[in-house]
Amino acid sequence: MTEPLHPSPAEYTWPERGHRRLIGKRISRVDGPAKVSGKATYTYDVHRPGMLYGKILRSPYAHARIKSIDTSAAEKMPGVKAVHVIQGPGTEIFWAGDEIVAVAAVDEPTAEDAIRSIRVEYEILPHLVIDTDPQRAGDLAKPTAEEVVGDPDAAFQQAEVIVEGEYGLPVITHCCLESHGLVAEWEDEENLLVHISTQAVSSIPNQMARPLGIPAGNIRVKMDHIGGGFGSKFSPDRWGIVAARLSKMAGGRPVKIMLERDAELMVAGARPSAYGRVKVGAKKDGTLLAWESTSWGTGGMGGGGRPPLPYIFEIPNQRKQHTAIMNHIGSARAWRAPNHPQACLLTMAALEDLAAELGMDPLDFFLKNIALTGRRAEIYRQELQIAADLIGWKKHWHPRGDRSRGPIKRGLGLAIHTWGGRGHASNCDLTIHPDGSVEIKLASQDLGTGTRTGITIVAAETLGLPMDRIKVMIGDSRYPPSGPSGGSTTIGGVSSATRRAALDALDQLFAKVAPALNARPEDLEAVQGRIGVKGDPSRSMSWEQACARLGGMPLTVRGRNPGPGHLTGSGVGGVQMADVSVDVETGVVKINKMVAVQDCGLIIDMKTAESQCYGAMIMGIGYALYEEKIMDQLTGRMLNPNMEFYKLAGLGDVGELIVHMMTGPGYDERGVIGLGEPPVISPGAAISNAVANAIGVRVPYLPLTPDRVLEALHKKGGHHATH
Amino acid sequence: MRPIEYASPRTKEQAVRLLASTWGETEVLAGGTDLLSLLKDDVVTPRRLINIKEIDELRGIAFDPRKGLRLGALVTIEELLDDPRVRQHYPALAEAAEGIRSPQIRNMGTVAGDLCQRPRCWYFRAGFGLLARDAQGRSLVLHGDNRYHAILGNDGPAYFVSPSSLAPPLVAYQARVRLFGPGGAREMPVQAFFRIPQSEDEREHDLRPNEIVTEILVPPPQGEASATCEVRQREALDWPLATASVALKMDGDRVTAARVVMGHVAPTPWLSSEAAQALVGKTITDDVAQAAGEAAVRRAKSLGRNGYKIQLARVAVKRAILRAVQGGAR
């Protein structure tokens, strides 16, 4: 590799507005045709010669101790190539669905037969799988110390209007449409090849190395495309290690384990629940004074997260206390913006209830208190105005409770959110070949967000080439390490690393061709497939002619993030508004329209950025209206580990979705910031607020199912005998 | 793998000879939209599948204004929806078929399969049996999560709801179902085809293990006002929470006879004589429809978590009645 010349840090910048040929334009993803034609290969599609199928016997009990395991029948079964006890006698099991024994066999039915033939005796222990009442949790409830900010007692004394409410959202699952899984195979005694559905190509080898007792460098991880992760696919997981062990036991034959749908929903993803009793107080003019919350939630034996309360609004006086409930469900995993959707609902719902009590339009109430949002106050103010225009807030909003005739009540709600999103550590190798072709290698992954497209745009923009001249290779741990796709960090990381690599490569190429153009390298530019002297079109050569001057050796430059220059930033604000209709006779909620107004710094591809917002709103509508990991305290099991009763929103359920991205001065110069998470934070709160606005009463808990909506209406007392 | 025999007879006579005389030994495969799930989840473990899709006489829709509608067992939901005669003369049936929101299920699922599909009770589907009892014989439904379970006909021992979309309108139209077994054909009203099992050895249909459904016969249209109303949470594929189908015989504005049938509220389609009584002799108004809805759920009771379904059934009945007189075919 050639050492790059180092321009001064000031030169590592993004092109100015007006000089962006590709960046920020609405560009279709480069792998779109492969995906829609079915040519894109997902881990699920990987079929290796001689491949075996792994299946896992899971605990039917939520809390138990293994007394004995008899695998003898499975071991004798023709076609069974390996049997591996994952958790042996004496082990305590903490959730239904936990892994006990794995087998590998020549086909799936044989593996299933082998699993069915295994006899396990359990000592059944008491379990807790519900989470709505911390009192029932006993010793499994872990209260944390109360936190006090300012003087909440005095502030509540001073408050002229105080509301108290209870709000919450249950454990939901990630429900990746491509389930978790992998194909593991030993290429020889020491070297393992893993095709895995993952958000972390670069860090899987290290996570597998220790349990398998081989150096991380002996493990190669590959992934072309992924069918969803949402925060649940950072680890090889126990079944990943098991697949490697089974492969070893079977003489290195590839072993494929993809979780079945029920396992995916039971054990491979859970967003912690959060519930809270919240009290907020304000002056009559709407000035927020005081916050008090007692919150709780679970994420399995780990206890779940802790929502940052109050969310965004730095209310000057606060008292808050949180209790983590440990219970016997599959463990929590990071779910798209961990803790934020929970905090957003608990805060924005309480504030909307307060606005209703004050008799204020919540839009005015939010604007009145916008200074409490801190340094992004001006962004929120702008976004609130734009969102209000797009949804027709001033035209359609009405005080709480739609008083029109008929059972269909319409309402509007809003919420605001924030996220970080600074680019992660990322390395890429950009190679310019003497024939003019360009390739970029990095061990990143496309989580479905359009990572390849973003990299291609940045390289093509920088090198002055059309996008189809750039070949991007990702998804292989042999490529330069790049961070996990979590925390909305990928686009900032890979775009910055690519930009630096491309700028450095150009510098070196300019140095090679400058003499031929009778110019200094710093006077050259690469535009429209040519390299030439700035301001003198007569002195230029084609990209191919320039690259031919590299001689026999390709030019490879390593680009890194973090690095010199300000290319990525952190901290975004977003606003969402929802327009809903509620049938007060049936409790069925329909989304008429949702608006997302979002900033994320400099946008690389407007189309994939908007797509993130559309997808996030659809996912948000899912958890607002439908999704719940329904746990049965009687049997300790999840009752809906399927797509019939674990409900996701369909196309007919999402209404009209409008996205507006904030761009231009004040936004672009903040650098590239990630976007995967922020737009999924507000939907639950915005929809809950819209429903309260429609029907005149708060439905405390998500999802907003007919039973909950009808119960809230019933408690309100008004029987809606409308026709 | 666990061996399964697969037979694909060409005649109904061959089919019934291949069926065992006890439940559990054999299963009938038509559209497979339910059976394949049951097989994968180990809820049923037959040793033989009998594919009836090759039996031509089980196909086809026939309509004659004097004889009525004949639906072969293998008619798909999509074929039913695409038939303008069905939509014109039996709107409640077409509307119920529209409630089946999955194109895949519409394309593969059959009308007889819709009647014969097994309950969606999550305890049944998790392997606890049709009556969903634990090792101590305790009802999991009564002691567990019964948010989707029965509000009528729920005195036990079964608490699941009949999952059929088409049975309520078929019962409203007084349709009959024709079966074929070793003893030949027999026929019964659709309502009598469903029953509440009293033990794990029984099923929820009056179908013997070696019988198949061959056709559904709907009487000629008699100028009824009819409609179906479903309460479903999603527009996407979703099980209804309550449905109602009504068929009203009218003399001018007055109802002379009424059939009001609720779905997804009881272990069988639920024909409500109370609701019918509330309608006969009346002119349909909002208040009359409301009163019929009230009458329909007068005997309903919550199992603990499903009380909201009483309201949904009440509304479904009211809205089906109003839709029938306002928009339905006469």
# chains A, B, ... in the order shown; residues from 1 in each chain; ligands from 1
call {"tool": "interface_residues", "arguments": {"of": "chain B", "to": "chain A", "cutoff": "9 Å", "atoms": "only C-alpha atoms", "output": "PyMOL selection string"}}
result
chain B and resi 1-2+122-123+126+134+140+143-145+147+231-239+286-287+290+305-309+311-312+315-316+319
call {"tool": "write_last_selection", "arguments": {"atoms": "N, CA and C atoms", "output": "CSV table (one decimal), in the first residue's frame"}}
result
chain,number,residue,atom,x,y,z
B,1,MET,N,-36.7,-39.1,8.7
B,1,MET,CA,-37.8,-38.3,9.0
B,1,MET,C,-39.1,-39.1,9.3
B,2,ARG,N,-40.0,-38.5,10.0
B,2,ARG,CA,-41.2,-39.2,10.4
B,2,ARG,C,-42.0,-39.4,9.0
B,122,TRP,N,-54.5,-20.1,20.8
B,122,TRP,CA,-53.0,-20.3,20.9
B,122,TRP,C,-52.6,-21.4,21.8
B,123,TYR,N,-53.4,-21.8,22.7
B,123,TYR,CA,-53.0,-23.0,23.5
B,123,TYR,C,-53.1,-24.3,22.6
B,126,ALA,N,-50.2,-24.5,20.4
B,126,ALA,CA,-49.0,-24.7,21.1
B,126,ALA,C,-48.9,-26.2,21.6
B,134,ASP,N,-54.1,-28.2,31.1
B,134,ASP,CA,-52.7,-28.5,31.5
B,134,ASP,C,-52.8,-29.9,32.1
B,140,LEU,N,-56.5,-24.0,30.4
B,140,LEU,CA,-55.6,-22.9,30.3
B,140,LEU,C,-56.2,-21.6,29.8
B,143,HIS,N,-57.8,-19.9,32.9
B,143,HIS,CA,-56.8,-19.4,33.8
B,143,HIS,C,-55.7,-18.5,33.2
B,144,GLY,N,-55.7,-18.6,31.9
B,144,GLY,CA,-54.6,-17.9,31.2
B,144,GLY,C,-55.1,-16.7,30.4
B,145,ASP,N,-54.5,-16.5,29.2
B,145,ASP,CA,-54.8,-15.3,28.4
B,145,ASP,C,-55.9,-15.6,27.4
B,147,ARG,N,-57.9,-13.4,25.6
B,147,ARG,CA,-58.3,-12.2,25.0
B,147,ARG,C,-59.0,-12.4,23.6
B,231,VAL,N,-65.3,-7.0,12.4
B,231,VAL,CA,-64.4,-6.1,13.1
B,231,VAL,C,-63.0,-6.7,13.2
B,232,ARG,N,-62.1,-6.1,12.5
B,232,ARG,CA,-60.7,-6.6,12.4
B,232,ARG,C,-59.8,-5.5,12.7
B,233,GLN,N,-58.7,-5.7,13.4
B,233,GLN,CA,-57.9,-4.6,13.7
B,233,GLN,C,-57.1,-4.1,12.5
B,234,ARG,N,-56.6,-5.0,11.7
B,234,ARG,CA,-55.7,-4.6,10.6
B,234,ARG,C,-56.4,-4.7,9.3
B,235,GLU,N,-55.9,-4.0,8.3
B,235,GLU,CA,-56.3,-4.2,6.9
B,235,GLU,C,-55.6,-5.4,6.4
B,236,ALA,N,-54.3,-5.5,6.8
B,236,ALA,CA,-53.5,-6.7,6.4
B,236,ALA,C,-54.2,-8.0,7.0
B,237,LEU,N,-53.7,-9.1,6.6
B,237,LEU,CA,-54.2,-10.4,7.1
B,237,LEU,C,-54.3,-10.3,8.6
B,238,ASP,N,-55.5,-10.6,9.0
B,238,ASP,CA,-55.7,-10.5,10.5
B,238,ASP,C,-57.0,-11.3,10.8
B,239,TRP,N,-57.0,-12.0,11.9
B,239,TRP,CA,-58.2,-12.7,12.3
B,239,TRP,C,-59.2,-11.7,12.8
B,286,ASP,N,-81.8,2.9,13.1
B,286,ASP,CA,-80.6,2.8,13.9
B,286,ASP,C,-80.9,2.1,15.3
B,287,ASP,N,-82.0,2.6,15.8
B,287,ASP,CA,-82.4,2.1,17.2
B,287,ASP,C,-82.7,0.6,17.1
B,290,GLN,N,-79.6,-1.3,16.7
B,290,GLN,CA,-78.9,-1.3,18.0
B,290,GLN,C,-79.5,-2.3,18.9
B,305,ARG,N,-60.6,-11.7,30.0
B,305,ARG,CA,-59.9,-10.7,29.2
B,305,ARG,C,-60.6,-10.4,27.9
B,306,ASN,N,-61.7,-11.1,27.6
B,306,ASN,CA,-62.3,-10.9,26.3
B,306,ASN,C,-63.6,-10.1,26.4
B,307,GLY,N,-63.9,-9.4,27.5
B,307,GLY,CA,-65.1,-8.7,27.6
B,307,GLY,C,-65.3,-7.7,26.5
B,308,TYR,N,-64.2,-7.1,26.0
B,308,TYR,CA,-64.4,-6.2,24.9
B,308,TYR,C,-65.0,-6.7,23.6
B,309,LYS,N,-64.9,-8.1,23.5
B,309,LYS,CA,-65.5,-8.7,22.3
B,309,LYS,C,-67.0,-8.6,22.3
B,311,GLN,N,-68.8,-6.1,23.1
B,311,GLN,CA,-69.1,-4.8,22.4
B,311,GLN,C,-68.8,-4.9,20.9
B,312,LEU,N,-67.8,-5.6,20.6
B,312,LEU,CA,-67.4,-5.7,19.1
B,312,LEU,C,-68.5,-6.6,18.4
B,315,VAL,N,-71.6,-4.4,18.0
B,315,VAL,CA,-71.5,-3.4,16.9
B,315,VAL,C,-71.5,-4.1,15.5
B,316,ALA,N,-70.9,-5.3,15.5
B,316,ALA,CA,-70.9,-6.0,14.2
B,316,ALA,C,-72.3,-6.3,13.7
B,319,ARG,N,-74.1,-3.1,12.7
B,319,ARG,CA,-73.6,-2.6,11.4
B,319,ARG,C,-74.0,-3.5,10.2
call {"tool": "select_by_dssp", "arguments": {"residues": "stretch 36-224 of chain B", "states": "helix (DSSP H, G or I)", "output": "ChimeraX atom specification"}}
result
/B:36-40,56-58,77-82,84-89,91-98,103-108,111-116,122-128,140-143,167-172,190-193
call {"tool": "atom_distance", "arguments": {"atom1": "atom CA of A:Ser68", "atom2": "atom CA of A:Val85"}}
result
11.1 Å
call {"tool": "residues_around", "arguments": {"residues": "A:Pro49", "least_positions_apart": "3", "cutoff": "10 Å", "atoms": "only C-alpha atoms", "output": "mmCIF file with N, CA, C and O atoms, in the first residue's frame"}}
result
data_model
loop_
_atom_site.group_PDB
_atom_site.id
_atom_site.type_symbol
_atom_site.label_atom_id
_atom_site.label_comp_id
_atom_site.auth_asym_id
_atom_site.auth_seq_id
_atom_site.Cartn_x
_atom_site.Cartn_y
_atom_site.Cartn_z
ATOM 1 N N LEU A 52 -24.939 -29.571 6.265
ATOM 2 C CA LEU A 52 -25.832 -30.195 7.235
ATOM 3 C C LEU A 52 -26.758 -29.127 7.810
ATOM 4 O O LEU A 52 -26.458 -27.929 7.751
ATOM 5 N N ARG A 253 -17.867 -30.368 7.891
ATOM 6 C CA ARG A 253 -18.973 -30.115 6.940
ATOM 7 C C ARG A 253 -19.740 -28.868 7.348
ATOM 8 O O ARG A 253 -19.939 -28.607 8.527
ATOM 9 N N PRO A 254 -20.168 -28.089 6.375
ATOM 10 C CA PRO A 254 -20.918 -26.869 6.707
ATOM 11 C C PRO A 254 -22.189 -27.208 7.487
ATOM 12 O O PRO A 254 -22.866 -28.192 7.175
#
call {"tool": "residues_around", "arguments": {"residues": "B:Lys318", "least_positions_apart": "6", "cutoff": "12 Å", "atoms": "only C-alpha atoms", "output": "ChimeraX atom specification"}}
result
/A:585-586,721-723 /B:227-231,243-246,260-262,275-276,278-279,284-297,311-312,324-325
call {"tool": "write_last_selection", "arguments": {"atoms": "C-alpha atoms", "output": "compact mmCIF listing (two decimals), in the first residue's frame"}}
result
# COMPACT_ATOMS: atom_id res chain seq x y z
CA GLU A 585 -67.58 1.70 18.88
CA THR A 586 -64.89 -0.86 18.08
CA ALA A 721 -73.81 5.21 21.69
CA THR A 722 -73.35 6.94 18.39
CA HIS A 723 -74.57 5.45 15.17
CA ALA B 227 -74.59 -8.24 4.52
CA THR B 228 -71.53 -9.18 6.53
CA CYS B 229 -69.65 -6.88 8.87
CA GLU B 230 -66.29 -7.80 10.34
CA VAL B 231 -64.41 -6.09 13.13
CA THR B 243 -68.16 -10.73 12.67
CA ALA B 244 -71.84 -10.76 11.86
CA SER B 245 -73.75 -11.86 8.81
CA VAL B 246 -77.42 -11.13 8.43
CA VAL B 260 -78.37 -13.14 12.37
CA VAL B 261 -75.16 -15.11 12.67
CA MET B 262 -72.01 -14.11 14.50
CA ALA B 275 -81.40 -10.86 17.51
CA ALA B 276 -83.81 -12.27 14.95
CA ALA B 278 -85.67 -8.17 17.87
CA LEU B 279 -85.96 -7.55 14.13
CA ILE B 284 -84.95 -1.13 10.35
CA THR B 285 -83.77 2.04 12.04
CA ASP B 286 -80.58 2.79 13.92
CA ASP B 287 -82.38 2.06 17.16
CA VAL B 288 -83.81 -1.23 15.92
CA ALA B 289 -80.38 -2.34 14.69
CA GLN B 290 -78.86 -1.29 17.99
CA ALA B 291 -81.49 -3.26 19.90
CA ALA B 292 -80.81 -6.35 17.76
CA GLY B 293 -77.10 -5.98 18.56
CA GLU B 294 -77.93 -5.82 22.25
CA ALA B 295 -80.16 -8.89 21.95
CA ALA B 296 -77.44 -10.79 20.10
CA VAL B 297 -75.01 -10.51 23.02
CA GLN B 311 -69.07 -4.79 22.44
CA LEU B 312 -67.45 -5.73 19.13
CA ALA B 324 -77.96 -4.99 4.61
CA VAL B 325 -80.87 -2.58 4.29
call {"tool": "select_by_dssp", "arguments": {"residues": "stretch 104-255 of chain B", "states": "strand (DSSP E or B)", "output": "PDB file with N, CA and C atoms, in the first residue's frame"}}
result
ATOM      1  N   THR B 110     -59.555 -23.019   0.118  1.00  0.00           N
ATOM      2  CA  THR B 110     -60.813 -23.450  -0.493  1.00  0.00           C
ATOM      3  C   THR B 110     -61.990 -23.157   0.434  1.00  0.00           C
ATOM      4  N   ARG B 133     -56.017 -27.989  28.017  1.00  0.00           N
ATOM      5  CA  ARG B 133     -55.910 -28.220  29.457  1.00  0.00           C
ATOM      6  C   ARG B 133     -54.469 -28.511  29.821  1.00  0.00           C
ATOM      7  N   SER B 139     -58.278 -25.775  32.755  1.00  0.00           N
ATOM      8  CA  SER B 139     -58.396 -25.071  31.469  1.00  0.00           C
ATOM      9  C   SER B 139     -57.399 -23.926  31.409  1.00  0.00           C
ATOM     10  N   ARG B 176     -76.480 -25.529   2.988  1.00  0.00           N
ATOM     11  CA  ARG B 176     -76.260 -26.894   3.473  1.00  0.00           C
ATOM     12  C   ARG B 176     -74.895 -27.377   3.004  1.00  0.00           C
ATOM     13  N   VAL B 177     -74.345 -28.276   3.759  1.00  0.00           N
ATOM     14  CA  VAL B 177     -73.053 -28.832   3.376  1.00  0.00           C
ATOM     15  C   VAL B 177     -73.258 -30.315   3.069  1.00  0.00           C
ATOM     16  N   ARG B 178     -72.611 -30.754   2.003  1.00  0.00           N
ATOM     17  CA  ARG B 178     -72.786 -32.139   1.556  1.00  0.00           C
ATOM     18  C   ARG B 178     -71.479 -32.883   1.798  1.00  0.00           C
ATOM     19  N   LEU B 179     -71.598 -34.037   2.439  1.00  0.00           N
ATOM     20  CA  LEU B 179     -70.421 -34.836   2.790  1.00  0.00           C
ATOM     21  C   LEU B 179     -70.480 -36.163   2.038  1.00  0.00           C
ATOM     22  N   PHE B 180     -69.325 -36.778   1.915  1.00  0.00           N
ATOM     23  CA  PHE B 180     -69.294 -38.106   1.305  1.00  0.00           C
ATOM     24  C   PHE B 180     -68.394 -39.005   2.142  1.00  0.00           C
ATOM     25  N   GLY B 181     -68.912 -40.206   2.427  1.00  0.00           N
ATOM     26  CA  GLY B 181     -68.152 -41.169   3.222  1.00  0.00           C
ATOM     27  C   GLY B 181     -68.385 -42.565   2.714  1.00  0.00           C
ATOM     28  N   GLY B 184     -71.783 -43.441   1.645  1.00  0.00           N
ATOM     29  CA  GLY B 184     -72.413 -42.583   0.641  1.00  0.00           C
ATOM     30  C   GLY B 184     -72.470 -41.143   1.100  1.00  0.00           C
ATOM     31  N   ALA B 185     -73.365 -40.394   0.485  1.00  0.00           N
ATOM     32  CA  ALA B 185     -73.450 -38.970   0.765  1.00  0.00           C
ATOM     33  C   ALA B 185     -74.412 -38.693   1.902  1.00  0.00           C
ATOM     34  N   ARG B 186     -74.138 -37.638   2.636  1.00  0.00           N
ATOM     35  CA  ARG B 186     -75.145 -37.114   3.565  1.00  0.00           C
ATOM     36  C   ARG B 186     -75.029 -35.597   3.557  1.00  0.00           C
ATOM     37  N   GLU B 187     -76.037 -34.976   4.066  1.00  0.00           N
ATOM     38  CA  GLU B 187     -76.174 -33.540   3.906  1.00  0.00           C
ATOM     39  C   GLU B 187     -76.747 -32.956   5.178  1.00  0.00           C
ATOM     40  N   MET B 188     -76.357 -31.762   5.525  1.00  0.00           N
ATOM     41  CA  MET B 188     -76.897 -31.131   6.735  1.00  0.00           C
ATOM     42  C   MET B 188     -76.784 -29.621   6.599  1.00  0.00           C
ATOM     43  N   PRO B 189     -77.558 -28.901   7.373  1.00  0.00           N
ATOM     44  CA  PRO B 189     -77.368 -27.444   7.379  1.00  0.00           C
ATOM     45  C   PRO B 189     -75.955 -27.113   7.853  1.00  0.00           C
ATOM     46  N   PHE B 194     -71.198 -27.676  12.519  1.00  0.00           N
ATOM     47  CA  PHE B 194     -70.311 -27.235  13.606  1.00  0.00           C
ATOM     48  C   PHE B 194     -70.868 -27.664  14.946  1.00  0.00           C
ATOM     49  N   HIS B 205     -66.285 -30.398  14.220  1.00  0.00           N
ATOM     50  CA  HIS B 205     -67.209 -30.543  13.095  1.00  0.00           C
ATOM     51  C   HIS B 205     -67.937 -31.865  13.196  1.00  0.00           C
ATOM     52  N   ILE B 212     -65.380 -36.676   3.599  1.00  0.00           N
ATOM     53  CA  ILE B 212     -64.893 -35.397   3.100  1.00  0.00           C
ATOM     54  C   ILE B 212     -66.092 -34.525   2.749  1.00  0.00           C
ATOM     55  N   VAL B 213     -65.834 -33.220   2.792  1.00  0.00           N
ATOM     56  CA  VAL B 213     -66.844 -32.274   2.314  1.00  0.00           C
ATOM     57  C   VAL B 213     -66.760 -32.269   0.794  1.00  0.00           C
ATOM     58  N   THR B 214     -67.903 -32.405   0.125  1.00  0.00           N
ATOM     59  CA  THR B 214     -67.871 -32.393  -1.344  1.00  0.00           C
ATOM     60  C   THR B 214     -68.424 -31.110  -1.937  1.00  0.00           C
ATOM     61  N   GLU B 215     -69.428 -30.543  -1.306  1.00  0.00           N
ATOM     62  CA  GLU B 215     -69.969 -29.303  -1.861  1.00  0.00           C
ATOM     63  C   GLU B 215     -70.783 -28.549  -0.832  1.00  0.00           C
ATOM     64  N   ILE B 216     -71.002 -27.307  -1.155  1.00  0.00           N
ATOM     65  CA  ILE B 216     -71.825 -26.431  -0.314  1.00  0.00           C
ATOM     66  C   ILE B 216     -72.967 -25.946  -1.192  1.00  0.00           C
ATOM     67  N   LEU B 217     -74.200 -26.069  -0.689  1.00  0.00           N
ATOM     68  CA  LEU B 217     -75.383 -25.740  -1.473  1.00  0.00           C
ATOM     69  C   LEU B 217     -76.112 -24.591  -0.797  1.00  0.00           C
ATOM     70  N   VAL B 218     -76.249 -23.495  -1.540  1.00  0.00           N
ATOM     71  CA  VAL B 218     -76.915 -22.324  -0.965  1.00  0.00           C
ATOM     72  C   VAL B 218     -78.256 -22.172  -1.667  1.00  0.00           C
ATOM     73  N   ALA B 225     -82.373  -9.027   2.169  1.00  0.00           N
ATOM     74  CA  ALA B 225     -81.338  -8.002   2.347  1.00  0.00           C
ATOM     75  C   ALA B 225     -80.268  -8.654   3.212  1.00  0.00           C
ATOM     76  N   SER B 226     -79.052  -8.628   2.714  1.00  0.00           N
ATOM     77  CA  SER B 226     -78.032  -9.368   3.462  1.00  0.00           C
ATOM     78  C   SER B 226     -76.703  -8.626   3.440  1.00  0.00           C
ATOM     79  N   ALA B 227     -75.915  -8.878   4.441  1.00  0.00           N
ATOM     80  CA  ALA B 227     -74.590  -8.241   4.524  1.00  0.00           C
ATOM     81  C   ALA B 227     -73.767  -8.932   5.588  1.00  0.00           C
ATOM     82  N   THR B 228     -72.454  -8.724   5.484  1.00  0.00           N
ATOM     83  CA  THR B 228     -71.530  -9.179   6.532  1.00  0.00           C
ATOM     84  C   THR B 228     -70.756  -7.970   7.021  1.00  0.00           C
ATOM     85  N   CYS B 229     -70.516  -7.917   8.312  1.00  0.00           N
ATOM     86  CA  CYS B 229     -69.650  -6.880   8.871  1.00  0.00           C
ATOM     87  C   CYS B 229     -68.622  -7.546   9.769  1.00  0.00           C
ATOM     88  N   GLU B 230     -67.368  -7.247   9.511  1.00  0.00           N
ATOM     89  CA  GLU B 230     -66.292  -7.799  10.337  1.00  0.00           C
ATOM     90  C   GLU B 230     -65.636  -6.695  11.137  1.00  0.00           C
ATOM     91  N   VAL B 231     -65.274  -6.996  12.369  1.00  0.00           N
ATOM     92  CA  VAL B 231     -64.406  -6.092  13.130  1.00  0.00           C
ATOM     93  C   VAL B 231     -63.038  -6.750  13.178  1.00  0.00           C
ATOM     94  N   ALA B 242     -64.625 -10.071  15.785  1.00  0.00           N
ATOM     95  CA  ALA B 242     -66.039 -10.448  15.797  1.00  0.00           C
ATOM     96  C   ALA B 242     -66.584 -10.156  14.403  1.00  0.00           C
ATOM     97  N   THR B 243     -67.500 -11.004  13.955  1.00  0.00           N
ATOM     98  CA  THR B 243     -68.158 -10.731  12.674  1.00  0.00           C
ATOM     99  C   THR B 243     -69.649 -10.994  12.825  1.00  0.00           C
ATOM    100  N   ALA B 244     -70.402 -10.427  11.903  1.00  0.00           N
ATOM    101  CA  ALA B 244     -71.835 -10.756  11.860  1.00  0.00           C
ATOM    102  C   ALA B 244     -72.279 -10.794  10.417  1.00  0.00           C
ATOM    103  N   SER B 245     -73.096 -11.787  10.111  1.00  0.00           N
ATOM    104  CA  SER B 245     -73.748 -11.863   8.808  1.00  0.00           C
ATOM    105  C   SER B 245     -75.247 -11.896   9.059  1.00  0.00           C
ATOM    106  N   VAL B 246     -75.976 -11.135   8.248  1.00  0.00           N
ATOM    107  CA  VAL B 246     -77.424 -11.133   8.429  1.00  0.00           C
ATOM    108  C   VAL B 246     -78.107 -11.338   7.080  1.00  0.00           C
ATOM    109  N   ALA B 247     -79.240 -12.001   7.127  1.00  0.00           N
ATOM    110  CA  ALA B 247     -80.098 -12.131   5.948  1.00  0.00           C
ATOM    111  C   ALA B 247     -81.514 -11.814   6.420  1.00  0.00           C
ATOM    112  N   LEU B 248     -82.101 -10.777   5.820  1.00  0.00           N
ATOM    113  CA  LEU B 248     -83.405 -10.291   6.274  1.00  0.00           C
ATOM    114  C   LEU B 248     -84.407 -10.429   5.134  1.00  0.00           C
ATOM    115  N   LYS B 249     -85.522 -11.105   5.416  1.00  0.00           N
ATOM    116  CA  LYS B 249     -86.614 -11.130   4.441  1.00  0.00           C
ATOM    117  C   LYS B 249     -87.512  -9.952   4.749  1.00  0.00           C
ATOM    118  N   MET B 250     -87.832  -9.214   3.699  1.00  0.00           N
ATOM    119  CA  MET B 250     -88.523  -7.948   3.907  1.00  0.00           C
ATOM    120  C   MET B 250     -89.877  -7.978   3.211  1.00  0.00           C
ATOM    121  N   ASP B 251     -90.837  -7.314   3.827  1.00  0.00           N
ATOM    122  CA  ASP B 251     -92.108  -7.019   3.172  1.00  0.00           C
ATOM    123  C   ASP B 251     -92.208  -5.498   3.183  1.00  0.00           C
ATOM    124  N   ARG B 254     -90.717  -3.655   6.210  1.00  0.00           N
ATOM    125  CA  ARG B 254     -90.782  -4.472   7.423  1.00  0.00           C
ATOM    126  C   ARG B 254     -90.047  -5.794   7.266  1.00  0.00           C
ATOM    127  N   VAL B 255     -89.388  -6.172   8.344  1.00  0.00           N
ATOM    128  CA  VAL B 255     -88.689  -7.450   8.362  1.00  0.00           C
ATOM    129  C   VAL B 255     -89.697  -8.538   8.673  1.00  0.00           C
TER     130      VAL B 255
END
call {"tool": "closest_residue", "arguments": {"among": "B:Leu241, B:Ala96, B:Val161, B:Cys116", "to": "B:Val190", "atoms": "only C-alpha atoms"}}
result
B:Cys116
call {"tool": "residues_around", "arguments": {"residues": "B:Glu54", "least_positions_apart": "4", "cutoff": "12 Å", "atoms": "only C-alpha atoms", "output": "JSON, numbers by chain"}}
result
{"B": [7, 8, 9, 10, 11, 12, 14, 15, 29, 30, 31, 50, 58, 59, 73, 74]}
call {"tool": "residues_around", "arguments": {"residues": "A:Thr287", "least_positions_apart": "4", "cutoff": "8 Å", "atoms": "only C-alpha atoms", "output": "VMD selection string"}}
result
chain A and resid 282 to 283 368 to 369
